file coords12.cif (mmCIF, C-alpha atoms)
data_start
#
loop_
_atom_site.group_PDB
_atom_site.id
_atom_site.type_symbol
_atom_site.label_atom_id
_atom_site.label_comp_id
_atom_site.auth_asym_id
_atom_site.auth_seq_id
_atom_site.Cartn_x
_atom_site.Cartn_y
_atom_site.Cartn_z
ATOM 1 C CA ARG K 350 -24.499 27.790 -2.877
ATOM 2 C CA GLU K 351 -26.419 24.761 -4.136
ATOM 3 C CA GLY K 352 -24.381 24.713 -7.341
ATOM 4 C CA ALA K 353 -21.097 24.603 -5.420
ATOM 5 C CA GLU K 354 -22.336 21.813 -3.150
ATOM 6 C CA ALA K 355 -23.513 19.790 -6.154
ATOM 7 C CA ALA K 356 -20.157 20.319 -7.885
ATOM 8 C CA LEU K 357 -18.259 19.167 -4.772
ATOM 9 C CA GLU K 358 -20.462 16.092 -4.467
ATOM 10 C CA ALA K 359 -19.905 15.277 -8.157
ATOM 11 C CA LEU K 360 -16.142 15.652 -7.650
ATOM 12 C CA ARG K 361 -16.245 13.410 -4.573
ATOM 13 C CA ARG K 362 -18.165 10.754 -6.528
ATOM 14 C CA LYS K 363 -15.664 10.891 -9.412
ATOM 15 C CA VAL K 364 -12.656 10.624 -7.066
ATOM 16 C CA GLU K 365 -14.191 7.734 -5.129
ATOM 17 C CA GLU K 366 -15.164 5.859 -8.303
ATOM 18 C CA SER K 367 -11.846 6.317 -10.109
ATOM 19 C CA SER K 368 -9.281 5.874 -7.332
ATOM 20 C CA ASP K 369 -8.488 3.618 -4.394
ATOM 21 C CA TYR K 370 -8.848 4.918 -0.857
ATOM 22 C CA VAL K 371 -5.620 4.162 1.039
ATOM 23 C CA GLY K 372 -6.430 6.041 4.233
ATOM 24 C CA LEU K 373 -3.514 7.064 6.414
ATOM 25 C CA SER K 374 -1.129 5.122 4.147
ATOM 26 C CA PHE K 375 -1.434 7.826 1.481
ATOM 27 C CA ALA K 376 2.067 9.312 1.863
ATOM 28 C CA GLU K 377 3.732 5.888 1.916
ATOM 29 C CA GLU K 378 1.744 4.647 -1.099
ATOM 30 C CA ALA K 379 2.285 7.834 -3.129
ATOM 31 C CA ARG K 380 6.035 7.774 -2.446
ATOM 32 C CA ALA K 381 6.324 4.072 -3.347
ATOM 33 C CA MET K 382 4.557 4.642 -6.670
ATOM 34 C CA HIS K 383 6.715 7.700 -7.399
ATOM 35 C CA ASP K 384 9.875 5.688 -6.590
ATOM 36 C CA GLY K 385 8.702 2.806 -8.795
ATOM 37 C CA THR K 386 8.535 0.221 -6.015
ATOM 38 C CA LYS K 387 4.755 -0.139 -6.431
ATOM 39 C CA PRO K 388 2.699 -0.011 -9.627
ATOM 40 C CA ALA K 389 1.163 3.378 -10.378
ATOM 41 C CA ARG K 390 -2.560 3.766 -9.786
ATOM 42 C CA ALA K 391 -4.931 6.546 -8.793
ATOM 43 C CA ILE K 392 -5.241 6.831 -5.012
ATOM 44 C CA HIS K 393 -6.705 9.166 -2.429
ATOM 45 C CA GLY K 394 -6.328 9.223 1.312
ATOM 46 C CA GLU K 395 -5.067 11.241 4.221
ATOM 47 C CA ALA K 396 -1.665 12.659 5.098
ATOM 48 C CA ARG K 397 -0.376 14.850 7.888
ATOM 49 C CA PRO K 398 0.634 18.321 6.678
ATOM 50 C CA GLU K 399 4.345 17.588 7.132
ATOM 51 C CA GLU K 400 4.014 14.363 5.108
ATOM 52 C CA ALA K 401 2.263 16.227 2.296
ATOM 53 C CA ARG K 402 4.922 18.956 2.345
ATOM 54 C CA ARG K 403 7.722 16.365 2.048
ATOM 55 C CA LEU K 404 5.968 14.681 -0.880
ATOM 56 C CA ILE K 405 5.643 18.006 -2.700
ATOM 57 C CA GLU K 406 9.272 18.935 -1.952
ATOM 58 C CA ASP K 407 10.375 15.574 -3.375
ATOM 59 C CA GLY K 408 8.400 16.102 -6.594
ATOM 60 C CA VAL K 409 5.644 13.564 -5.889
ATOM 61 C CA PRO K 410 2.501 14.798 -7.690
ATOM 62 C CA VAL K 411 -0.169 15.303 -5.014
ATOM 63 C CA ALA K 412 -3.032 17.731 -4.557
ATOM 64 C CA PRO K 413 -5.405 18.433 -1.672
ATOM 65 C CA LEU K 414 -9.047 17.546 -2.127
ATOM 66 C CA PRO K 415 -11.708 20.121 -1.229
ATOM 67 C CA PHE K 416 -13.604 17.637 0.951
ATOM 68 C CA LEU K 417 -12.932 15.145 3.718
ATOM 69 C CA PRO K 418 -12.830 11.530 2.610
ATOM 70 C CA ARG K 419 -15.571 9.231 3.698
ATOM 71 C CA ARG K 420 -14.026 6.776 6.121
ATOM 72 C CA ARG K 421 -13.558 3.309 4.702
ATOM 73 C CA ALA K 422 -11.508 0.335 5.788
ATOM 74 C CA ASN K 423 -7.990 0.252 4.324
#

call {"tool": "encode", "arguments": {"input": "coords12.cif", "output": "structure tokens"}}
result
Amino acid sequence: REGAEAALEALRRKVEESSDYVGLSFAEEARAMHDGTKPARAIHGEARPEEARRLIEDGVPVAPLPFLPRRRAN
């Protein structure tokens, strides 16, 4: 159990250090980057299940994270 928790914490640290937290704007930001209306960059945030499903259906590369994001200001 400790190994899994340490691995999840390491993954969280890597995601937080290498991407921008966009909060509830995740679906909008991901779609804009996919459409080319915003520059591509690594992001993480939150999306309602139906928003995530639409992104996947439209071919936007997204993946769920195995942890809840730490809340930060957008």

call {"tool": "closest_residue", "arguments": {"input": "coords12.cif", "among": "K:Ala376, K:Ala389, K:Leu404, K:Val364", "to": "K:Arg419", "atoms": "all atoms listed in the file"}}
result
K:Val364

call {"tool": "resolve_selection", "arguments": {"input": "coords12.cif", "expression": "the PyMOL selection byres ((chain K and resi 414) around 12)", "output": "list in words"}}
result
Leu357, Glu358, Leu360, Arg361, Lys363, Val364, Glu365, Ile392, His393, Gly394, Glu395, Ala396, Val411, Ala412, Pro413, Pro415, Phe416, Leu417 and Pro418 of chain K

call {"tool": "axis_aligned_box", "arguments": {"input": "coords12.cif", "around": "stretch 369-375 of chain K", "padding_each_side": "6 Å", "output": "JSON"}}
result
{"center_x": -5.0, "center_y": 5.7, "center_z": 1.0, "size_x": 19.7, "size_y": 16.2, "size_z": 22.8}

call {"tool": "closest_residue", "arguments": {"input": "coords12.cif", "among": "K:Ala391, K:Arg380, K:Arg397, K:Gly408", "to": "K:Glu366", "atoms": "all atoms listed in the file"}}
result
K:Ala391

call {"tool": "atom_distance", "arguments": {"input": "coords12.cif", "atom1": "atom CA of K:Ala379", "atom2": "atom CA of K:Pro410"}}
result
8.3 Å

call {"tool": "atom_distance", "arguments": {"input": "coords12.cif", "atom1": "atom CA of K:Ala381", "atom2": "atom CA of K:Asp407"}}
result
12.2 Å

call {"tool": "atom_distance", "arguments": {"input": "coords12.cif", "atom1": "atom CA of K:Pro388", "atom2": "atom CA of K:Arg362"}}
result
23.7 Å

call {"tool": "closest_residue", "arguments": {"input": "coords12.cif", "among": "K:Arg403, K:Val409, K:Gly352, K:Ser368", "to": "K:Met382", "atoms": "all atoms listed in the file"}}
result
K:Val409

call {"tool": "closest_residue", "arguments": {"input": "coords12.cif", "among": "K:Glu351, K:Asp369, K:Glu377, K:Asp384", "to": "K:Glu400", "atoms": "all atoms listed in the file"}}
result
K:Glu377

call {"tool": "resolve_selection", "arguments": {"input": "coords12.cif", "expression": "the PyMOL selection byres ((chain K and resi 371) around 6)", "output": "PyMOL selection string"}}
result
chain K and resi 370+372+374-375+394+423

call {"tool": "build_atoms", "arguments": {"input": "coords12.cif", "residues": "stretch 351-367 of chain K", "atoms": "N, CA, C and O atoms", "output": "PDB file, in the coordinates of the input"}}
result
ATOM      1  N   GLU K 351     -26.030  26.113  -3.742  1.00  0.00           N
ATOM      2  CA  GLU K 351     -26.419  24.761  -4.136  1.00  0.00           C
ATOM      3  C   GLU K 351     -25.559  24.252  -5.281  1.00  0.00           C
ATOM      4  O   GLU K 351     -25.197  23.087  -5.314  1.00  0.00           O
ATOM      5  N   GLY K 352     -25.210  25.120  -6.219  1.00  0.00           N
ATOM      6  CA  GLY K 352     -24.381  24.713  -7.341  1.00  0.00           C
ATOM      7  C   GLY K 352     -23.008  24.259  -6.897  1.00  0.00           C
ATOM      8  O   GLY K 352     -22.478  23.263  -7.390  1.00  0.00           O
ATOM      9  N   ALA K 353     -22.416  24.972  -5.935  1.00  0.00           N
ATOM     10  CA  ALA K 353     -21.097  24.603  -5.420  1.00  0.00           C
ATOM     11  C   ALA K 353     -21.163  23.273  -4.688  1.00  0.00           C
ATOM     12  O   ALA K 353     -20.272  22.426  -4.829  1.00  0.00           O
ATOM     13  N   GLU K 354     -22.186  23.074  -3.881  1.00  0.00           N
ATOM     14  CA  GLU K 354     -22.336  21.813  -3.150  1.00  0.00           C
ATOM     15  C   GLU K 354     -22.520  20.653  -4.114  1.00  0.00           C
ATOM     16  O   GLU K 354     -21.939  19.579  -3.912  1.00  0.00           O
ATOM     17  N   ALA K 355     -23.305  20.847  -5.158  1.00  0.00           N
ATOM     18  CA  ALA K 355     -23.513  19.790  -6.154  1.00  0.00           C
ATOM     19  C   ALA K 355     -22.208  19.483  -6.885  1.00  0.00           C
ATOM     20  O   ALA K 355     -21.894  18.315  -7.137  1.00  0.00           O
ATOM     21  N   ALA K 356     -21.438  20.528  -7.199  1.00  0.00           N
ATOM     22  CA  ALA K 356     -20.157  20.319  -7.885  1.00  0.00           C
ATOM     23  C   ALA K 356     -19.187  19.557  -6.995  1.00  0.00           C
ATOM     24  O   ALA K 356     -18.479  18.652  -7.460  1.00  0.00           O
ATOM     25  N   LEU K 357     -19.135  19.896  -5.697  1.00  0.00           N
ATOM     26  CA  LEU K 357     -18.259  19.167  -4.772  1.00  0.00           C
ATOM     27  C   LEU K 357     -18.686  17.716  -4.636  1.00  0.00           C
ATOM     28  O   LEU K 357     -17.841  16.813  -4.581  1.00  0.00           O
ATOM     29  N   GLU K 358     -19.981  17.470  -4.575  1.00  0.00           N
ATOM     30  CA  GLU K 358     -20.462  16.092  -4.467  1.00  0.00           C
ATOM     31  C   GLU K 358     -20.132  15.303  -5.735  1.00  0.00           C
ATOM     32  O   GLU K 358     -19.743  14.138  -5.670  1.00  0.00           O
ATOM     33  N   ALA K 359     -20.260  15.938  -6.893  1.00  0.00           N
ATOM     34  CA  ALA K 359     -19.905  15.277  -8.157  1.00  0.00           C
ATOM     35  C   ALA K 359     -18.404  14.961  -8.182  1.00  0.00           C
ATOM     36  O   ALA K 359     -18.000  13.873  -8.615  1.00  0.00           O
ATOM     37  N   LEU K 360     -17.583  15.891  -7.705  1.00  0.00           N
ATOM     38  CA  LEU K 360     -16.142  15.652  -7.650  1.00  0.00           C
ATOM     39  C   LEU K 360     -15.826  14.503  -6.698  1.00  0.00           C
ATOM     40  O   LEU K 360     -15.037  13.621  -7.011  1.00  0.00           O
ATOM     41  N   ARG K 361     -16.454  14.496  -5.534  1.00  0.00           N
ATOM     42  CA  ARG K 361     -16.245  13.410  -4.573  1.00  0.00           C
ATOM     43  C   ARG K 361     -16.594  12.060  -5.209  1.00  0.00           C
ATOM     44  O   ARG K 361     -15.849  11.105  -5.108  1.00  0.00           O
ATOM     45  N   ARG K 362     -17.734  11.999  -5.883  1.00  0.00           N
ATOM     46  CA  ARG K 362     -18.165  10.754  -6.528  1.00  0.00           C
ATOM     47  C   ARG K 362     -17.130  10.297  -7.552  1.00  0.00           C
ATOM     48  O   ARG K 362     -16.766   9.121  -7.599  1.00  0.00           O
ATOM     49  N   LYS K 363     -16.643  11.235  -8.376  1.00  0.00           N
ATOM     50  CA  LYS K 363     -15.664  10.891  -9.412  1.00  0.00           C
ATOM     51  C   LYS K 363     -14.367  10.375  -8.786  1.00  0.00           C
ATOM     52  O   LYS K 363     -13.813   9.371  -9.226  1.00  0.00           O
ATOM     53  N   VAL K 364     -13.885  11.059  -7.745  1.00  0.00           N
ATOM     54  CA  VAL K 364     -12.656  10.624  -7.066  1.00  0.00           C
ATOM     55  C   VAL K 364     -12.851   9.238  -6.472  1.00  0.00           C
ATOM     56  O   VAL K 364     -12.003   8.350  -6.638  1.00  0.00           O
ATOM     57  N   GLU K 365     -13.956   9.023  -5.778  1.00  0.00           N
ATOM     58  CA  GLU K 365     -14.191   7.734  -5.129  1.00  0.00           C
ATOM     59  C   GLU K 365     -14.353   6.604  -6.142  1.00  0.00           C
ATOM     60  O   GLU K 365     -13.925   5.479  -5.885  1.00  0.00           O
ATOM     61  N   GLU K 366     -14.952   6.893  -7.287  1.00  0.00           N
ATOM     62  CA  GLU K 366     -15.164   5.859  -8.303  1.00  0.00           C
ATOM     63  C   GLU K 366     -13.897   5.547  -9.091  1.00  0.00           C
ATOM     64  O   GLU K 366     -13.746   4.442  -9.605  1.00  0.00           O
ATOM     65  N   SER K 367     -12.988   6.509  -9.216  1.00  0.00           N
ATOM     66  CA  SER K 367     -11.846   6.317 -10.109  1.00  0.00           C
ATOM     67  C   SER K 367     -10.512   6.170  -9.391  1.00  0.00           C
ATOM     68  O   SER K 367      -9.464   6.157 -10.039  1.00  0.00           O
TER      69      SER K 367
END
